[in-house]
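Visitor: Here it is, the structure, as structure tokens.
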Amino acid sequence: MTKTLEPCTLVIFGAGGNLSRNKLIPALFDLEAAGRLPERMLILGCDVMPHQREAWLDFVANSLRRTYPDGLNETALQRFCARWHYFDTPIDDMTVYARLQQLLEGTNSDFPPNVMYYMAVRPSAFPSIVEHLSNVGLLSERNGWRRVVIEKPFGYDLLSAQAMQAGLSRHLTEPQIYRIDHYLGKATVQNVLVFRFSNLLLEPIWNNHYIDHVQITHSETLGIEGRADYYEGAGALRDMLQSHLMQLLTLVAMEPPVTMEAEHLRDEKVKVLQAIRPIPQNAVNAHAFRGQYASGVAGGKTVPGYREEAGVAPDSTTETYAALKLFVDNWRWAGVPFYLRTGKRLPENSSAICIRFKQPPQDLLKHARQGPPQPNWIMLGIQPNECLRIEMQAKVPGLDLQTRIVSLDANSRQEGDEDYDAYSGLLLDVMQGDRSLFLRIDEVEAAWRVVDPIIKVWSMERDFISEYPAGSWGPRGTYRLFDRNDQFWRHSLEPEGADLQTY
Ligand code: BG6
């Protein structure tokens, strides 16, 4: 349902950076073209470069033309540009925030008093920006709301996340903080909740009586794309697993919330994270596997290995691949392994949740099949295919009794459906004050608690990391995470993807 939104001001810090150019500006423009931005909304881009407004509008238009090389809705572009203003924030200028306060709240200000501040800057810069805003009164809600959007990583371990939070909470209340995990804005990720809680069919089998294990995968063909300064300190575990994949796990495993209100939803997600069995440091190697891409062939091109990328230390042991086995120790999931994995320079761009069921109690149709028994799978494709797929056994038509896998396939996307980037929906949620798809601090802390022992062990074991050739499905040894020999990574949603090969 479309709600009418109050006029507001969006202030983007780091407006000239990659996140703003590649994600925020296009996402806002899509909302503009769809007529979904509040009528009197204004946007203020803040960055260190001095720009006149005209030059800034060229930057905005050029960013959009790069995103949409086939053409833009020019009327929407005009409307969009009319909303934008630019404010330069030189690093050493002590008057920046006083001037910003005048601009936003001075007597002649045209900026609507409800303000969202988007921190599209390095995490190390958030706390000081928040402090400056607070010092000049720009976070006070005496006249309209003030919301602050921050991007992951929320710290680099539990302690640093708590320290960052202590800094933020001196100036902001928890409801003012919107911790974005853009994965939660993806249509199929939200579909996990719809599939589970709008259909009765799944609920009776959604537990350890029927489910053998759950796999959650995010694979990418790209390398680190010039982000060595961030990635060297982060690695795949922090970059993807502690955040996006762990969020997917919570959606698969959570109990039905009391209502779909933000707090009820987040209460249930936190319970899942708290129920994850802690991994003692001496068991890390049985639960976690890391790897780093070596040179290889990806997308038909020979690409360098991670340690040959610009800005990466020649002896770096930062992981570009990480896989985990986790157990959620509660009544529903006791004994069911959750396997999570992510990697850069893998053969495909794909994200999916694959749920494998147990075998029937008796193998009555053994004679009708060649090869080992094939269990049922339910698979939720997140990207690029947005689908729900169920694999079952069926009879091959003909005189003989033979079975084969058939796939019941429901594409959640139909022709003519709207297609928005995750950021569009999430930006709209901030304007509406809907926090359901944003992370609460206890979720963030609970997720760090799960991965902290792994981070500690990996940071001590710096003399060796398994390698995998770019373009392969990751290091071989990752199979040792599986509980049993008949468990294997599901590389593709196609039946033939259910193979036993790592390479
Ligand atoms: C980001 C990570 O959060 O998510 C990137 O920092 C990763 O390393 C990206 O590539 C993946 O998101 P998407 O939406 O492109 O699949």
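Just so we're on the same page: first chain in the structure tokens is A, next is B, and so on; residues restart at 1 for each chain, and ligands are numbered from 1 in the order they show up.
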What lies within 12 Å of region 482-489 of chain A using only C-alpha atoms, ignoring chain neighbours under 4 positions off, as a PyMOL selection string?
Guide: chain A and resi 212-217+286-289+323-327+335-342+352-359+372-375+473-474+476-478+493+497-503
Visitor: Could you give me, as a PyMOL selection string, the residues within 7 Å of Tyr178 (chain A), counting only C-alpha atoms and dropping anything in the same chain fewer than 2 positions from it?
Guide: chain A and resi 148-150+176+180+435+438
Visitor: Can you tell me, as JSON, numbers by chain, what residues are no more than 12 Å from Gly471 (chain A) when counting only C-alpha atoms, ignoring any on the same chain fewer than 4 positions away?
Guide: {"A": [219, 220, 221, 222, 223, 292, 293, 294, 295, 296, 297, 298, 299, 300, 301, 302, 303, 304, 305, 343, 344, 345, 346, 347, 348, 349, 467, 475, 502, 503]}
Visitor: Please produce an output containing C-alpha atoms for each residue in the selection, written as a PDB file, in the first residue's frame.
Guide:
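As a result, result-v4.pdb now contains:
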ATOM      1  CA  SER A 219      28.768 -16.378  -4.737  1.00  0.00           C
ATOM      2  CA  GLU A 220      30.278 -13.648  -6.880  1.00  0.00           C
ATOM      3  CA  THR A 221      32.381 -13.702 -10.023  1.00  0.00           C
ATOM      4  CA  LEU A 222      33.978 -10.338  -9.244  1.00  0.00           C
ATOM      5  CA  GLY A 223      37.145  -9.871  -7.230  1.00  0.00           C
ATOM      6  CA  GLN A 292      41.788 -16.946  -0.914  1.00  0.00           C
ATOM      7  CA  TYR A 293      41.547 -16.778  -4.691  1.00  0.00           C
ATOM      8  CA  ALA A 294      44.665 -17.394  -6.714  1.00  0.00           C
ATOM      9  CA  SER A 295      44.887 -16.343 -10.347  1.00  0.00           C
ATOM     10  CA  GLY A 296      42.644 -18.207 -12.724  1.00  0.00           C
ATOM     11  CA  VAL A 297      40.081 -17.755 -15.430  1.00  0.00           C
ATOM     12  CA  ALA A 298      36.882 -15.924 -14.545  1.00  0.00           C
ATOM     13  CA  GLY A 299      34.297 -14.782 -17.068  1.00  0.00           C
ATOM     14  CA  GLY A 300      36.553 -15.997 -19.917  1.00  0.00           C
ATOM     15  CA  LYS A 301      39.455 -13.770 -18.804  1.00  0.00           C
ATOM     16  CA  THR A 302      42.638 -14.548 -16.926  1.00  0.00           C
ATOM     17  CA  VAL A 303      42.484 -12.639 -13.664  1.00  0.00           C
ATOM     18  CA  PRO A 304      45.114 -12.036 -10.984  1.00  0.00           C
ATOM     19  CA  GLY A 305      45.098 -13.692  -7.594  1.00  0.00           C
ATOM     20  CA  GLY A 343      33.253 -16.212  -2.005  1.00  0.00           C
ATOM     21  CA  LYS A 344      34.645 -13.826  -4.550  1.00  0.00           C
ATOM     22  CA  ARG A 345      35.874 -15.000  -7.969  1.00  0.00           C
ATOM     23  CA  LEU A 346      33.584 -18.033  -7.957  1.00  0.00           C
ATOM     24  CA  PRO A 347      32.060 -19.272 -11.232  1.00  0.00           C
ATOM     25  CA  GLU A 348      28.619 -17.622 -10.847  1.00  0.00           C
ATOM     26  CA  ASN A 349      26.872 -14.638  -9.376  1.00  0.00           C
ATOM     27  CA  GLU A 467      43.925 -21.110  -2.131  1.00  0.00           C
ATOM     28  CA  PRO A 475      38.993 -24.484  -1.797  1.00  0.00           C
ATOM     29  CA  THR A 502      34.066 -28.780  -5.817  1.00  0.00           C
ATOM     30  CA  TYR A 503      35.876 -27.856  -8.993  1.00  0.00           C
TER      31      TYR A 503
END
Visitor: Can I get the residues of chain A within 9 Å of ligand 1, each with the closest pair of atoms and their distance in Å to one decimal, using only C-alpha atoms and all ligand atoms, sorted chain first then ascending number, as a tab-separated table?
Guide:
residue	atom	partner	partner_atom_place_in_ligand_line	distance
A:Glu151	CA	ligand 1	3 (O)	8.8
A:Lys152	CA	ligand 1	3 (O)	7.3
A:Pro153	CA	ligand 1	6 (O)	8.4
A:Asp181	CA	ligand 1	3 (O)	7.5
A:His182	CA	ligand 1	14 (O)	6.9
A:Tyr183	CA	ligand 1	14 (O)	6.4
A:Lys186	CA	ligand 1	14 (O)	7.9
A:His218	CA	ligand 1	16 (O)	7.5
A:Ser219	CA	ligand 1	16 (O)	8.4
A:Glu220	CA	ligand 1	10 (O)	7.0
A:Leu222	CA	ligand 1	10 (O)	7.7
A:Gly223	CA	ligand 1	10 (O)	8.6
A:Ile224	CA	ligand 1	8 (O)	7.0
A:Glu225	CA	ligand 1	8 (O)	8.9
A:Arg227	CA	ligand 1	8 (O)	8.7
A:Tyr230	CA	ligand 1	6 (O)	8.9
A:Tyr231	CA	ligand 1	8 (O)	7.9
A:Gly235	CA	ligand 1	8 (O)	8.8
A:Ala236	CA	ligand 1	8 (O)	7.6
A:Arg238	CA	ligand 1	6 (O)	8.9
A:Asp239	CA	ligand 1	6 (O)	5.2
A:Met240	CA	ligand 1	2 (C)	6.0
A:Ser243	CA	ligand 1	3 (O)	8.1
A:His244	CA	ligand 1	3 (O)	7.3
A:Lys344	CA	ligand 1	10 (O)	7.9
A:Asn349	CA	ligand 1	16 (O)	8.0
A:Ser350	CA	ligand 1	16 (O)	7.9
A:Ser351	CA	ligand 1	16 (O)	7.4
A:Gln383	CA	ligand 1	16 (O)	7.5
A:Asp421	CA	ligand 1	14 (O)	8.5
A:Ala422	CA	ligand 1	14 (O)	7.7
Visitor: Could those residues be written to a file, using C-alpha atoms, as a tab-separated table (two decimals), in the first residue's frame?
Guide:
chain	number	residue	atom	x	y	z
A	151	GLU	CA	26.12	1.16	6.72
A	152	LYS	CA	27.95	-1.97	7.75
A	153	PRO	CA	30.50	-2.90	8.96
A	181	ASP	CA	21.81	-4.37	5.63
A	182	HIS	CA	20.93	-3.97	1.99
A	183	TYR	CA	20.30	-7.73	1.69
A	186	LYS	CA	16.04	-7.60	-1.66
A	218	HIS	CA	26.31	-16.01	-1.88
A	219	SER	CA	28.77	-16.38	-4.74
A	220	GLU	CA	30.28	-13.65	-6.88
A	222	LEU	CA	33.98	-10.34	-9.24
A	223	GLY	CA	37.14	-9.87	-7.23
A	224	ILE	CA	37.58	-7.02	-4.77
A	225	GLU	CA	37.18	-4.32	-7.43
A	227	ARG	CA	38.44	-2.02	-2.51
A	230	TYR	CA	38.51	-1.92	3.11
A	231	TYR	CA	38.66	-5.60	2.20
A	235	GLY	CA	37.62	-10.34	4.62
A	236	ALA	CA	34.67	-12.46	3.54
A	238	ARG	CA	32.96	-9.88	8.15
A	239	ASP	CA	32.01	-8.52	4.74
A	240	MET	CA	29.27	-11.05	3.92
A	243	SER	CA	26.09	-9.56	8.13
A	244	HIS	CA	24.09	-10.59	5.07
A	344	LYS	CA	34.64	-13.83	-4.55
A	349	ASN	CA	26.87	-14.64	-9.38
A	350	SER	CA	24.22	-16.26	-7.32
A	351	SER	CA	22.55	-16.14	-3.92
A	383	GLN	CA	19.52	-13.47	-7.23
A	421	ASP	CA	17.06	-2.08	-6.18
A	422	ALA	CA	17.10	-2.98	-2.48
Visitor: Determine which residues of region 284-395 of chain A receive a DSSP assignment of alpha helix (DSSP H), computed from the backbone, and state them as a ChimeraX atom specification.
Guide: /A:284-287
Visitor: List as a count of residues only the protein and nucleic acid residues near Arg40 (chain A), meaning an atom at most 8 Å away when only C-alpha atoms are counted, but skip any in the same chain fewer than 2 places from it.
Guide: 5
Visitor: Could you work out how far CA of Glu319 (chain A) lies from CA of His491 (chain A), giving the answer in Å with one decimal?
Guide: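 One can read the CA of His491 (chain A) to CA of Glu319 (chain A) distance as 19.9 Å.
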Visitor: Out of A:Leu172, A:Asn207, A:Pro495, A:Val451, which residue has the shortest atom-to-atom distance to Ile390 (chain A) when counting only C-alpha atoms?
Guide: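 Residue with the minimum atom-to-atom distance to Ile390 (chain A): A:Pro495.
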Visitor: Out of A:Ala410, A:Ile205, A:Leu248, A:Leu77, which residue has the shortest atom-to-atom distance to Asn385 (chain A) when counting only C-alpha atoms?
Guide: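 Going through A:Ala410, A:Ile205, A:Leu248, A:Leu77 one by one, the smallest distance to Asn385 (chain A) is for A:Ala410.
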Visitor: Quick check for you: according to DSSP on this backbone, which residues of region 73-230 of chain A are classed as strand (DSSP E)? Reply as a list in words.
Guide: Trp84, His85, Tyr86, Phe87, Asp88, Val115, Met116, Tyr117, Tyr118, Met119, Arg146, Arg147, Val148, Val149, Ile150, Glu151, Ile177, Tyr178, Arg179, Ile180, Ile211, Asp212, His213, Val214, Gln215, Ile216, Thr217, His218 and Ser219 of chain A
Visitor: Next, dump the selected residues to file, keeping only N, CA and C atoms, as an mmCIF file, in the first residue's frame.
Guide:
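Output below, filename part32.cif:
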data_model
loop_
_atom_site.group_PDB
_atom_site.id
_atom_site.type_symbol
_atom_site.label_atom_id
_atom_site.label_comp_id
_atom_site.auth_asym_id
_atom_site.auth_seq_id
_atom_site.Cartn_x
_atom_site.Cartn_y
_atom_site.Cartn_z
ATOM 1 N N TRP A 84 17.943 18.669 -5.544
ATOM 2 C CA TRP A 84 19.300 18.529 -5.025
ATOM 3 C C TRP A 84 19.985 19.858 -4.725
ATOM 4 N N HIS A 85 20.731 19.877 -3.640
ATOM 5 C CA HIS A 85 21.616 21.000 -3.304
ATOM 6 C C HIS A 85 22.942 20.382 -2.880
ATOM 7 N N TYR A 86 23.964 21.202 -2.864
ATOM 8 C CA TYR A 86 25.269 20.669 -2.480
ATOM 9 C C TYR A 86 25.871 21.541 -1.390
ATOM 10 N N PHE A 87 26.560 20.886 -0.454
ATOM 11 C CA PHE A 87 27.186 21.618 0.649
ATOM 12 C C PHE A 87 28.569 21.013 0.858
ATOM 13 N N ASP A 88 29.627 21.837 0.715
ATOM 14 C CA ASP A 88 30.946 21.215 0.865
ATOM 15 C C ASP A 88 31.390 21.215 2.320
ATOM 16 N N VAL A 115 14.474 15.275 9.147
ATOM 17 C CA VAL A 115 15.750 15.081 8.439
ATOM 18 C C VAL A 115 16.280 13.657 8.609
ATOM 19 N N MET A 116 16.664 13.040 7.486
ATOM 20 C CA MET A 116 17.427 11.792 7.588
ATOM 21 C C MET A 116 18.848 12.059 7.114
ATOM 22 N N TYR A 117 19.803 11.609 7.914
ATOM 23 C CA TYR A 117 21.217 11.767 7.571
ATOM 24 C C TYR A 117 21.726 10.413 7.123
ATOM 25 N N TYR A 118 22.269 10.342 5.938
ATOM 26 C CA TYR A 118 22.793 9.063 5.442
ATOM 27 C C TYR A 118 24.315 9.114 5.491
ATOM 28 N N MET A 119 24.908 8.196 6.232
ATOM 29 C CA MET A 119 26.373 8.179 6.382
ATOM 30 C C MET A 119 26.977 7.279 5.301
ATOM 31 N N ARG A 146 14.526 13.130 13.414
ATOM 32 C CA ARG A 146 15.914 13.053 12.913
ATOM 33 C C ARG A 146 16.291 11.577 12.890
ATOM 34 N N ARG A 147 16.685 11.082 11.741
ATOM 35 C CA ARG A 147 17.049 9.663 11.635
ATOM 36 C C ARG A 147 18.434 9.562 11.005
ATOM 37 N N VAL A 148 19.226 8.626 11.491
ATOM 38 C CA VAL A 148 20.589 8.487 10.978
ATOM 39 C C VAL A 148 20.752 7.079 10.402
ATOM 40 N N VAL A 149 21.157 7.024 9.138
ATOM 41 C CA VAL A 149 21.325 5.718 8.497
ATOM 42 C C VAL A 149 22.812 5.400 8.447
ATOM 43 N N ILE A 150 23.191 4.228 8.981
ATOM 44 C CA ILE A 150 24.594 3.842 8.912
ATOM 45 C C ILE A 150 24.718 2.504 8.184
ATOM 46 N N GLU A 151 25.858 2.351 7.547
ATOM 47 C CA GLU A 151 26.117 1.164 6.721
ATOM 48 C C GLU A 151 27.078 0.247 7.456
ATOM 49 N N ILE A 177 18.378 5.291 15.029
ATOM 50 C CA ILE A 177 19.482 4.710 14.258
ATOM 51 C C ILE A 177 18.947 3.631 13.307
ATOM 52 N N TYR A 178 19.233 3.778 12.034
ATOM 53 C CA TYR A 178 18.826 2.798 11.020
ATOM 54 C C TYR A 178 20.089 2.121 10.499
ATOM 55 N N ARG A 179 20.336 0.887 10.989
ATOM 56 C CA ARG A 179 21.523 0.144 10.520
ATOM 57 C C ARG A 179 21.105 -0.657 9.309
ATOM 58 N N ILE A 180 21.663 -0.272 8.191
ATOM 59 C CA ILE A 180 21.179 -0.857 6.937
ATOM 60 C C ILE A 180 21.933 -2.149 6.637
ATOM 61 N N ILE A 211 13.854 -31.671 8.067
ATOM 62 C CA ILE A 211 14.952 -30.993 7.344
ATOM 63 C C ILE A 211 16.297 -31.602 7.753
ATOM 64 N N ASP A 212 17.070 -31.963 6.728
ATOM 65 C CA ASP A 212 18.381 -32.569 6.956
ATOM 66 C C ASP A 212 19.414 -31.478 7.245
ATOM 67 N N HIS A 213 19.444 -30.478 6.375
ATOM 68 C CA HIS A 213 20.334 -29.338 6.614
ATOM 69 C C HIS A 213 19.919 -28.171 5.724
ATOM 70 N N VAL A 214 20.478 -27.007 6.035
ATOM 71 C CA VAL A 214 20.169 -25.784 5.282
ATOM 72 C C VAL A 214 21.482 -25.230 4.744
ATOM 73 N N GLN A 215 21.458 -24.780 3.486
ATOM 74 C CA GLN A 215 22.659 -24.139 2.908
ATOM 75 C C GLN A 215 22.303 -22.719 2.488
ATOM 76 N N ILE A 216 23.150 -21.800 2.819
ATOM 77 C CA ILE A 216 22.925 -20.415 2.387
ATOM 78 C C ILE A 216 24.202 -19.958 1.678
ATOM 79 N N THR A 217 24.055 -19.598 0.417
ATOM 80 C CA THR A 217 25.238 -19.288 -0.392
ATOM 81 C C THR A 217 25.120 -17.922 -1.035
ATOM 82 N N HIS A 218 26.204 -17.194 -1.023
ATOM 83 C CA HIS A 218 26.306 -16.005 -1.881
ATOM 84 C C HIS A 218 27.615 -16.142 -2.645
ATOM 85 N N SER A 219 27.533 -16.271 -3.964
ATOM 86 C CA SER A 219 28.768 -16.378 -4.737
ATOM 87 C C SER A 219 28.842 -15.221 -5.722
#
Visitor: Can you tell me which residues surround region 269-284 of chain A at a distance of at most 6 Å, considering only C-alpha atoms, apart from same-chain residues fewer than 2 positions away, and format the answer as a list in words?
Guide: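 Result of the neighbour search: Thr250, Met254, Arg266, Asp267, Ala286, His287, Ala288, Phe327, Val328, Asp329, Glu443, Ala446, Pro453 and Ile454 of chain A.
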Visitor: Which residues of region 61-134 of chain A sit at most 8 Å from region 18-33 of chain A, using only C-alpha atoms? Give each one's shortest atom pair and distance in Å (one decimal place), in chain and ascending residue order, as a tab-separated table.
Guide:
residue	atom	partner	partner_atom	distance
A:Ser63	CA	A:Arg21	CA	5.8
A:Leu64	CA	A:Pro26	CA	6.0
A:Thr67	CA	A:Pro26	CA	7.1
A:Asn73	CA	A:Ala33	CA	7.1
A:Ala76	CA	A:Ala33	CA	5.2
A:Leu77	CA	A:Phe29	CA	7.4
A:Arg79	CA	A:Glu32	CA	7.7
A:Phe80	CA	A:Glu32	CA	6.4
A:Ala120	CA	A:Leu19	CA	6.3
Visitor: I want to know what sits within 9 Å of region 398-403 of chain A, based on only C-alpha atoms, with residues of the same chain fewer than 2 positions away left out; could you give that as a ChimeraX atom specification?
Guide: /A:365,367-370,393-396,405
Visitor: Would you mind telling me which residue in A:Leu200, A:Met392, A:Leu439, A:Leu193 lies nearest to Leu426 (chain A) when using only C-alpha atoms?
Guide: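 Ranking A:Leu200, A:Met392, A:Leu439, A:Leu193 by distance to Leu426 (chain A), first place goes to A:Leu439.
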Visitor: Find the distance between CA of Ala470 (chain A) and CA of Ala234 (chain A) and write it in Å to one decimal.
Guide: 19.6 Å
Visitor: Between CA of Gln362 (chain A) and CA of Glu391 (chain A), what is the distance, to one decimal in Å?
Guide: 18.7 Å
